[in-house]
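Peer 1: See target_2.tsv below, with TSV, N, CA, C and O atoms.
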```
chain	number	residue	atom	x	y	z
A	536	MET	N	5.34	16.99	2.08
A	536	MET	CA	4.73	17.93	1.18
A	536	MET	C	4.78	17.36	-0.24
A	536	MET	O	5.79	16.80	-0.65
A	537	ALA	N	3.72	17.51	-0.96
A	537	ALA	CA	3.64	16.96	-2.31
A	537	ALA	C	4.67	17.62	-3.22
A	537	ALA	O	4.87	18.83	-3.19
A	538	GLN	N	5.31	16.79	-4.03
A	538	GLN	CA	6.26	17.28	-5.02
A	538	GLN	C	5.58	17.26	-6.37
A	538	GLN	O	5.00	16.25	-6.77
A	539	ILE	N	5.66	18.37	-7.07
A	539	ILE	CA	5.03	18.50	-8.38
A	539	ILE	C	6.10	19.00	-9.34
A	539	ILE	O	6.78	19.99	-9.06
A	540	ILE	N	6.23	18.29	-10.46
A	540	ILE	CA	7.22	18.69	-11.47
A	540	ILE	C	6.56	18.69	-12.84
A	540	ILE	O	5.63	17.94	-13.09
A	541	PRO	N	7.07	19.52	-13.74
A	541	PRO	CA	6.57	19.49	-15.12
A	541	PRO	C	7.14	18.28	-15.86
A	541	PRO	O	8.22	17.79	-15.54
A	542	ILE	N	6.42	17.82	-16.86
A	542	ILE	CA	6.81	16.63	-17.59
A	542	ILE	C	8.19	16.76	-18.24
A	542	ILE	O	8.92	15.78	-18.36
A	543	ARG	N	8.59	17.96	-18.59
A	543	ARG	CA	9.91	18.16	-19.23
A	543	ARG	C	11.06	17.75	-18.30
A	543	ARG	O	12.13	17.40	-18.76
A	544	ASP	N	10.82	17.79	-16.97
A	544	ASP	CA	11.86	17.41	-16.02
A	544	ASP	C	12.13	15.91	-16.00
A	544	ASP	O	13.11	15.46	-15.41
A	545	LEU	N	11.29	15.12	-16.65
A	545	LEU	CA	11.49	13.68	-16.68
A	545	LEU	C	12.66	13.27	-17.57
A	545	LEU	O	13.05	12.10	-17.57
A	546	LYS	N	13.23	14.21	-18.28
A	546	LYS	CA	14.37	13.89	-19.16
A	546	LYS	C	15.56	13.40	-18.35
A	546	LYS	O	16.32	12.55	-18.80
A	547	ASP	N	15.72	13.92	-17.15
A	547	ASP	CA	16.84	13.52	-16.28
A	547	ASP	C	16.36	12.38	-15.37
A	547	ASP	O	16.08	12.58	-14.19
A	548	THR	N	16.30	11.18	-15.93
A	548	THR	CA	15.72	10.04	-15.20
A	548	THR	C	16.50	9.67	-13.94
A	548	THR	O	15.90	9.27	-12.94
A	549	SER	N	17.80	9.82	-13.97
A	549	SER	CA	18.60	9.50	-12.78
A	549	SER	C	18.26	10.43	-11.62
A	549	SER	O	18.14	9.99	-10.48
A	550	ALA	N	18.09	11.70	-11.92
A	550	ALA	CA	17.75	12.66	-10.87
A	550	ALA	C	16.34	12.39	-10.32
A	550	ALA	O	16.12	12.47	-9.10
A	551	ILE	N	15.41	12.04	-11.20
A	551	ILE	CA	14.05	11.74	-10.76
A	551	ILE	C	14.05	10.49	-9.89
A	551	ILE	O	13.40	10.44	-8.85
A	552	SER	N	14.80	9.47	-10.31
A	552	SER	CA	14.90	8.25	-9.52
A	552	SER	C	15.43	8.54	-8.12
A	552	SER	O	14.88	8.07	-7.12
A	553	GLU	N	16.49	9.31	-8.05
A	553	GLU	CA	17.09	9.67	-6.76
A	553	GLU	C	16.11	10.48	-5.92
A	553	GLU	O	15.98	10.27	-4.71
A	554	ARG	N	15.41	11.39	-6.55
A	554	ARG	CA	14.43	12.23	-5.85
A	554	ARG	C	13.30	11.37	-5.27
A	554	ARG	O	12.86	11.60	-4.15
A	555	CYS	N	12.84	10.40	-6.05
A	555	CYS	CA	11.78	9.50	-5.57
A	555	CYS	C	12.23	8.72	-4.35
A	555	CYS	O	11.51	8.59	-3.36
A	556	LYS	N	13.44	8.17	-4.42
A	556	LYS	CA	13.97	7.38	-3.31
A	556	LYS	C	14.19	8.24	-2.06
A	556	LYS	O	13.91	7.81	-0.95
A	557	LYS	N	14.72	9.43	-2.29
A	557	LYS	CA	15.05	10.33	-1.17
A	557	LYS	C	13.80	10.83	-0.45
A	557	LYS	O	13.75	10.90	0.77
A	558	SER	N	12.77	11.18	-1.22
A	558	SER	CA	11.57	11.78	-0.64
A	558	SER	C	10.69	10.76	0.06
A	558	SER	O	10.01	11.08	1.03
A	559	GLY	N	10.68	9.53	-0.45
A	559	GLY	CA	9.80	8.51	0.12
A	559	GLY	C	8.33	8.77	-0.16
A	559	GLY	O	7.46	8.22	0.50
A	560	GLU	N	8.07	9.63	-1.14
A	560	GLU	CA	6.69	9.98	-1.51
A	560	GLU	C	6.58	9.99	-3.03
A	560	GLU	O	7.57	10.13	-3.73
A	561	PRO	N	5.35	9.90	-3.52
A	561	PRO	CA	5.16	10.01	-4.97
A	561	PRO	C	5.46	11.42	-5.46
A	561	PRO	O	5.37	12.39	-4.71
A	562	ILE	N	5.84	11.50	-6.72
A	562	ILE	CA	6.06	12.79	-7.36
A	562	ILE	C	4.98	12.95	-8.43
A	562	ILE	O	4.81	12.07	-9.28
A	563	PHE	N	4.26	14.04	-8.38
A	563	PHE	CA	3.18	14.30	-9.33
A	563	PHE	C	3.74	15.06	-10.53
A	563	PHE	O	4.43	16.07	-10.36
A	564	VAL	N	3.44	14.56	-11.71
A	564	VAL	CA	3.96	15.14	-12.95
A	564	VAL	C	2.82	15.86	-13.67
A	564	VAL	O	1.74	15.28	-13.85
A	565	THR	N	3.09	17.09	-14.08
A	565	THR	CA	2.06	17.87	-14.79
A	565	THR	C	2.42	18.00	-16.26
A	565	THR	O	3.59	17.95	-16.65
A	566	LYS	N	1.39	18.16	-17.06
A	566	LYS	CA	1.56	18.40	-18.50
A	566	LYS	C	0.62	19.55	-18.84
A	566	LYS	O	-0.58	19.48	-18.58
A	567	ASN	N	1.18	20.61	-19.37
A	567	ASN	CA	0.41	21.82	-19.68
A	567	ASN	C	-0.36	22.34	-18.46
A	567	ASN	O	-1.49	22.80	-18.56
A	568	GLY	N	0.27	22.21	-17.29
A	568	GLY	CA	-0.32	22.74	-16.06
A	568	GLY	C	-1.34	21.86	-15.39
A	568	GLY	O	-1.89	22.23	-14.35
A	569	TYR	N	-1.60	20.69	-15.94
A	569	TYR	CA	-2.60	19.77	-15.36
A	569	TYR	C	-1.93	18.47	-14.95
A	569	TYR	O	-0.95	18.03	-15.56
A	570	GLY	N	-2.47	17.83	-13.93
A	570	GLY	CA	-1.95	16.55	-13.48
A	570	GLY	C	-1.99	15.54	-14.61
A	570	GLY	O	-2.99	15.42	-15.32
A	571	ASP	N	-0.89	14.80	-14.79
A	571	ASP	CA	-0.81	13.84	-15.88
A	571	ASP	C	-0.45	12.44	-15.40
A	571	ASP	O	-1.02	11.46	-15.85
A	572	MET	N	0.51	12.33	-14.47
A	572	MET	CA	0.92	11.02	-13.98
A	572	MET	C	1.63	11.17	-12.64
A	572	MET	O	1.91	12.27	-12.19
A	573	VAL	N	1.91	10.01	-12.04
A	573	VAL	CA	2.60	9.97	-10.76
A	573	VAL	C	3.78	9.02	-10.89
A	573	VAL	O	3.67	7.94	-11.46
A	574	VAL	N	4.93	9.43	-10.34
A	574	VAL	CA	6.14	8.62	-10.35
A	574	VAL	C	6.51	8.36	-8.89
A	574	VAL	O	6.45	9.26	-8.05
A	575	MET	N	6.86	7.09	-8.59
A	575	MET	CA	7.25	6.77	-7.22
A	575	MET	C	8.27	5.64	-7.21
A	575	MET	O	8.38	4.89	-8.18
A	576	SER	N	8.99	5.53	-6.12
A	576	SER	CA	9.96	4.45	-5.98
A	576	SER	C	9.22	3.13	-5.75
A	576	SER	O	8.04	3.11	-5.39
A	577	MET	N	9.92	2.04	-5.94
A	577	MET	CA	9.32	0.72	-5.72
A	577	MET	C	8.93	0.55	-4.25
A	577	MET	O	7.91	-0.05	-3.95
A	578	ASP	N	9.73	1.08	-3.33
A	578	ASP	CA	9.41	0.98	-1.91
A	578	ASP	C	8.09	1.68	-1.60
A	578	ASP	O	7.25	1.14	-0.88
A	579	VAL	N	7.91	2.87	-2.13
A	579	VAL	CA	6.66	3.61	-1.91
A	579	VAL	C	5.49	2.87	-2.54
A	579	VAL	O	4.43	2.72	-1.93
A	580	TYR	N	5.70	2.35	-3.75
A	580	TYR	CA	4.64	1.59	-4.42
A	580	TYR	C	4.25	0.37	-3.59
A	580	TYR	O	3.07	0.13	-3.35
A	581	ASN	N	5.24	-0.41	-3.16
A	581	ASN	CA	4.95	-1.62	-2.39
A	581	ASN	C	4.24	-1.31	-1.08
A	581	ASN	O	3.31	-2.01	-0.68
A	582	ARG	N	4.68	-0.27	-0.40
A	582	ARG	CA	4.04	0.14	0.86
A	582	ARG	C	2.60	0.58	0.60
A	582	ARG	O	1.67	0.17	1.32
A	583	THR	N	2.39	1.36	-0.43
A	583	THR	CA	1.05	1.84	-0.76
A	583	THR	C	0.14	0.69	-1.16
A	583	THR	O	-1.01	0.61	-0.72
A	584	PHE	N	0.66	-0.23	-1.98
A	584	PHE	CA	-0.13	-1.37	-2.42
A	584	PHE	C	-0.51	-2.26	-1.23
A	584	PHE	O	-1.65	-2.73	-1.14
A	585	ALA	N	0.42	-2.46	-0.30
A	585	ALA	CA	0.13	-3.27	0.90
A	585	ALA	C	-0.97	-2.61	1.73
A	585	ALA	O	-1.85	-3.30	2.25
A	586	GLU	N	-0.92	-1.29	1.86
A	586	GLU	CA	-1.97	-0.58	2.60
A	586	GLU	C	-3.32	-0.74	1.92
A	586	GLU	O	-4.33	-0.97	2.59
A	587	VAL	N	-3.35	-0.63	0.62
A	587	VAL	CA	-4.61	-0.79	-0.13
A	587	VAL	C	-5.16	-2.19	0.08
A	587	VAL	O	-6.37	-2.37	0.31
A	588	GLN	N	-4.30	-3.20	0.02
A	588	GLN	CA	-4.74	-4.58	0.23
A	588	GLN	C	-5.29	-4.77	1.64
A	588	GLN	O	-6.30	-5.45	1.84
A	589	LEU	N	-4.64	-4.17	2.62
A	589	LEU	CA	-5.11	-4.26	4.00
A	589	LEU	C	-6.47	-3.61	4.16
A	589	LEU	O	-7.39	-4.20	4.74
A	590	TYR	N	-6.63	-2.42	3.62
A	590	TYR	CA	-7.92	-1.73	3.71
A	590	TYR	C	-9.02	-2.51	2.99
A	590	TYR	O	-10.16	-2.57	3.45
A	591	LYS	N	-8.67	-3.13	1.89
A	591	LYS	CA	-9.63	-3.95	1.15
A	591	LYS	C	-10.08	-5.15	2.00
A	591	LYS	O	-11.27	-5.44	2.08
A	592	ALA	N	-9.13	-5.81	2.64
A	592	ALA	CA	-9.46	-6.95	3.49
A	592	ALA	C	-10.31	-6.52	4.69
A	592	ALA	O	-11.27	-7.20	5.07
A	593	LEU	N	-9.97	-5.38	5.27
A	593	LEU	CA	-10.76	-4.87	6.40
A	593	LEU	C	-12.18	-4.52	5.97
A	593	LEU	O	-13.14	-4.79	6.70
A	594	LYS	N	-12.32	-3.95	4.79
A	594	LYS	CA	-13.64	-3.61	4.27
A	594	LYS	C	-14.47	-4.86	4.03
A	594	LYS	O	-15.66	-4.92	4.36
A	595	GLU	N	-13.84	-5.90	3.47
A	595	GLU	CA	-14.54	-7.16	3.25
A	595	GLU	C	-15.01	-7.76	4.58
A	595	GLU	O	-16.14	-8.24	4.69
A	596	ALA	N	-14.14	-7.72	5.59
A	596	ALA	CA	-14.51	-8.25	6.90
A	596	ALA	C	-15.65	-7.45	7.52
A	596	ALA	O	-16.59	-8.01	8.10
A	597	GLU	N	-15.57	-6.14	7.37
A	597	GLU	CA	-16.63	-5.27	7.89
A	597	GLU	C	-17.95	-5.56	7.19
A	597	GLU	O	-19.01	-5.63	7.82
A	598	ASP	N	-17.91	-5.75	5.88
A	598	ASP	CA	-19.12	-6.08	5.12
A	598	ASP	C	-19.71	-7.41	5.56
A	598	ASP	O	-20.93	-7.56	5.65
A	599	GLU	N	-18.83	-8.38	5.84
A	599	GLU	CA	-19.31	-9.69	6.31
A	599	GLU	C	-20.02	-9.54	7.66
A	599	GLU	O	-21.08	-10.14	7.87
A	600	LEU	N	-19.44	-8.75	8.54
A	600	LEU	CA	-20.08	-8.53	9.85
A	600	LEU	C	-21.43	-7.84	9.69
A	600	LEU	O	-22.41	-8.19	10.35
A	601	GLN	N	-21.47	-6.83	8.82
A	601	GLN	CA	-22.74	-6.13	8.57
A	601	GLN	C	-23.78	-7.06	7.96
A	601	GLN	O	-24.98	-6.89	8.17
A	602	GLY	N	-23.31	-8.06	7.23
A	602	GLY	CA	-24.20	-9.03	6.60
A	602	GLY	C	-24.64	-10.15	7.53
A	602	GLY	O	-25.36	-11.06	7.12
A	603	GLY	N	-24.17	-10.10	8.78
A	603	GLY	CA	-24.61	-11.09	9.76
A	603	GLY	C	-23.72	-12.31	9.90
A	603	GLY	O	-24.15	-13.34	10.44
A	604	ALA	N	-22.49	-12.24	9.42
A	604	ALA	CA	-21.56	-13.37	9.55
A	604	ALA	C	-21.35	-13.68	11.03
A	604	ALA	O	-21.29	-12.77	11.86
A	605	PRO	N	-21.24	-14.96	11.37
A	605	PRO	CA	-21.02	-15.32	12.78
A	605	PRO	C	-19.65	-14.85	13.26
A	605	PRO	O	-18.71	-14.74	12.47
A	606	THR	N	-19.55	-14.57	14.53
A	606	THR	CA	-18.28	-14.13	15.12
A	606	THR	C	-17.85	-15.11	16.20
A	606	THR	O	-18.65	-15.92	16.69
A	607	VAL	N	-16.57	-15.06	16.56
A	607	VAL	CA	-16.03	-15.86	17.66
A	607	VAL	C	-15.22	-14.95	18.55
A	607	VAL	O	-14.71	-13.91	18.11
A	608	SER	N	-15.06	-15.33	19.79
A	608	SER	CA	-14.27	-14.51	20.72
A	608	SER	C	-12.79	-14.63	20.38
A	608	SER	O	-12.36	-15.57	19.70
A	609	ALA	N	-12.01	-13.68	20.85
A	609	ALA	CA	-10.57	-13.71	20.61
A	609	ALA	C	-9.94	-14.95	21.23
A	609	ALA	O	-9.05	-15.57	20.65
A	610	ASP	N	-10.42	-15.35	22.40
A	610	ASP	CA	-9.89	-16.55	23.07
A	610	ASP	C	-10.16	-17.80	22.24
A	610	ASP	O	-9.28	-18.65	22.08
A	611	THR	N	-11.37	-17.91	21.71
A	611	THR	CA	-11.71	-19.07	20.88
A	611	THR	C	-10.87	-19.08	19.61
A	611	THR	O	-10.33	-20.12	19.22
A	612	PHE	N	-10.73	-17.93	18.98
A	612	PHE	CA	-9.94	-17.82	17.76
A	612	PHE	C	-8.49	-18.22	18.01
A	612	PHE	O	-7.90	-19.00	17.26
A	613	THR	N	-7.90	-17.69	19.09
A	613	THR	CA	-6.52	-18.00	19.44
A	613	THR	C	-6.33	-19.49	19.68
A	613	THR	O	-5.37	-20.09	19.20
A	614	ALA	N	-7.26	-20.09	20.43
A	614	ALA	CA	-7.17	-21.53	20.71
A	614	ALA	C	-7.26	-22.34	19.42
A	614	ALA	O	-6.50	-23.30	19.22
A	615	GLU	N	-8.15	-21.97	18.53
A	615	GLU	CA	-8.29	-22.67	17.25
A	615	GLU	C	-7.03	-22.54	16.40
A	615	GLU	O	-6.60	-23.52	15.78
A	616	MET	N	-6.44	-21.37	16.38
A	616	MET	CA	-5.22	-21.17	15.59
A	616	MET	C	-4.05	-21.95	16.17
A	616	MET	O	-3.24	-22.52	15.44
A	617	LYS	N	-3.94	-21.98	17.50
A	617	LYS	CA	-2.87	-22.75	18.13
A	617	LYS	C	-3.01	-24.23	17.80
A	617	LYS	O	-2.02	-24.90	17.49
A	618	THR	N	-4.24	-24.73	17.85
A	618	THR	CA	-4.48	-26.13	17.52
A	618	THR	C	-4.14	-26.40	16.06
A	618	THR	O	-3.47	-27.38	15.73
A	619	LYS	N	-4.58	-25.53	15.19
A	619	LYS	CA	-4.38	-25.71	13.75
A	619	LYS	C	-2.90	-25.62	13.36
A	619	LYS	O	-2.42	-26.38	12.50
A	620	TYR	N	-2.16	-24.71	13.99
A	620	TYR	CA	-0.78	-24.46	13.57
A	620	TYR	C	0.25	-24.84	14.62
A	620	TYR	O	1.40	-24.40	14.54
A	621	GLU	N	-0.11	-25.69	15.57
A	621	GLU	CA	0.82	-26.02	16.64
A	621	GLU	C	2.12	-26.64	16.14
A	621	GLU	O	3.18	-26.47	16.73
A	622	LYS	N	2.06	-27.36	15.02
A	622	LYS	CA	3.26	-27.96	14.45
A	622	LYS	C	4.28	-26.89	14.05
A	622	LYS	O	5.49	-27.11	14.15
A	623	LEU	N	3.81	-25.76	13.60
A	623	LEU	CA	4.70	-24.68	13.18
A	623	LEU	C	5.34	-23.97	14.37
A	623	LEU	O	6.38	-23.33	14.22
A	624	LEU	N	4.73	-24.06	15.53
A	624	LEU	CA	5.23	-23.36	16.72
A	624	LEU	C	6.37	-24.11	17.39
A	624	LEU	O	7.05	-23.55	18.25
A	625	ARG	N	6.57	-25.32	17.04
A	625	ARG	CA	7.62	-26.13	17.69
A	625	ARG	C	8.97	-25.88	17.11
A	625	ARG	O	9.27	-25.49	16.12
```
In structure tokens, how does this file's structure come out?
Peer 2:
Amino acid sequence: MAQIIPIRDLKDTSAISERCKKSGEPIFVTKNGYGDMVVMSMDVYNRTFAEVQLYKALKEAEDELQGGAPTVSADTFTAEMKTKYEKLLR
């Protein structure tokens, strides 16, 4: 469930930090009753950023396919990767 706090509650930074870590979700901060900013732990930020990067890469791949980019079968791809990186597998 979304956590929403007024900006005046940011005075107790230790409590906010603990709350961010404990909840595992962003905390939405309001100013004069309107959304103003979001506070989150580094773990939540890193997880969210990684998801955004993944979705961006998937979108780029999807756009390439829609644009007519050539495709290869999974078997061909796997064989090519094994050949290319076989030194790392040893």
Peer 1: Env of A:Gly559: 7 Å cut, atoms = only N, CA, C and O atoms, seq-sep filter 4 positions within chain, self excluded. Answer as a list in words.
Peer 2: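 Contacts, in chain order: Glu553, Arg554, Cys555, Ser576, Asp578 and Val579 of chain A.
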Peer 1: Which distance in Å separates atom C of A:Thr583 and atom CA of A:Gln601, to one decimal?
Peer 2: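 Going from atom C of A:Thr583 over to atom CA of A:Gln601 covers 25.8 Å.
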Peer 1: Could you tell me how far atom CA of A:Ala550 lies from atom O of A:Gly568, in Å and to one decimal?
Peer 2: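 Atom CA of A:Ala550 sits 22.1 Å away from atom O of A:Gly568.
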Peer 1: Work out how far apart atom CA of A:Pro561 and atom N of A:Leu545 are and give it in Å to one decimal.
Peer 2: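 According to the coordinates, atom CA of A:Pro561 and atom N of A:Leu545 are separated by 14.1 Å.
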Peer 1: Using only C-alpha atoms for the distances, tell me which of A:Ile540, A:Phe584, A:Lys546, A:Ala592 is nearest to A:Gly570.
Peer 2: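 With only C-alpha atoms as the atom set, the closest residue is A:Ile540.
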Peer 1: So which residues of chain A fall under helix (DSSP H, G or I) by DSSP, listed as an MDAnalysis selection string?
Peer 2: chainID A and resid 542:546 548:558 577:601 609:624
Peer 1: Counting only C-alpha atoms, which of A:Thr611, A:Arg582, A:Gly603, A:Val564 gets nearest to A:Ile539?
Peer 2: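 So, comparing all the options, the nearest one is A:Val564.
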Peer 1: Please identify all polymer residues within 5 Å of A:Glu560, counting all atoms listed in the file, omitting same-chain residues fewer than 2 positions from it, and present them as a list in words.
Peer 2: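 The residues satisfying every condition are Cys555, Ser558, Ile562, Val574 and Met575 of chain A.
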Peer 1: Would you put the residues from that selection into a file with N, CA, C and O atoms, as an mmCIF file, in the coordinates of the input?
Peer 2:
```cif
data_model
loop_
_atom_site.group_PDB
_atom_site.id
_atom_site.type_symbol
_atom_site.label_atom_id
_atom_site.label_comp_id
_atom_site.auth_asym_id
_atom_site.auth_seq_id
_atom_site.Cartn_x
_atom_site.Cartn_y
_atom_site.Cartn_z
ATOM 1 N N CYS A 555 12.840 10.400 -6.050
ATOM 2 C CA CYS A 555 11.780 9.500 -5.570
ATOM 3 C C CYS A 555 12.230 8.720 -4.350
ATOM 4 O O CYS A 555 11.510 8.590 -3.360
ATOM 5 N N SER A 558 12.770 11.180 -1.220
ATOM 6 C CA SER A 558 11.570 11.780 -0.640
ATOM 7 C C SER A 558 10.690 10.760 0.060
ATOM 8 O O SER A 558 10.010 11.080 1.030
ATOM 9 N N ILE A 562 5.840 11.500 -6.720
ATOM 10 C CA ILE A 562 6.060 12.790 -7.360
ATOM 11 C C ILE A 562 4.980 12.950 -8.430
ATOM 12 O O ILE A 562 4.810 12.070 -9.280
ATOM 13 N N VAL A 574 4.930 9.430 -10.340
ATOM 14 C CA VAL A 574 6.140 8.620 -10.350
ATOM 15 C C VAL A 574 6.510 8.360 -8.890
ATOM 16 O O VAL A 574 6.450 9.260 -8.050
ATOM 17 N N MET A 575 6.860 7.090 -8.590
ATOM 18 C CA MET A 575 7.250 6.770 -7.220
ATOM 19 C C MET A 575 8.270 5.640 -7.210
ATOM 20 O O MET A 575 8.380 4.890 -8.180
#
```
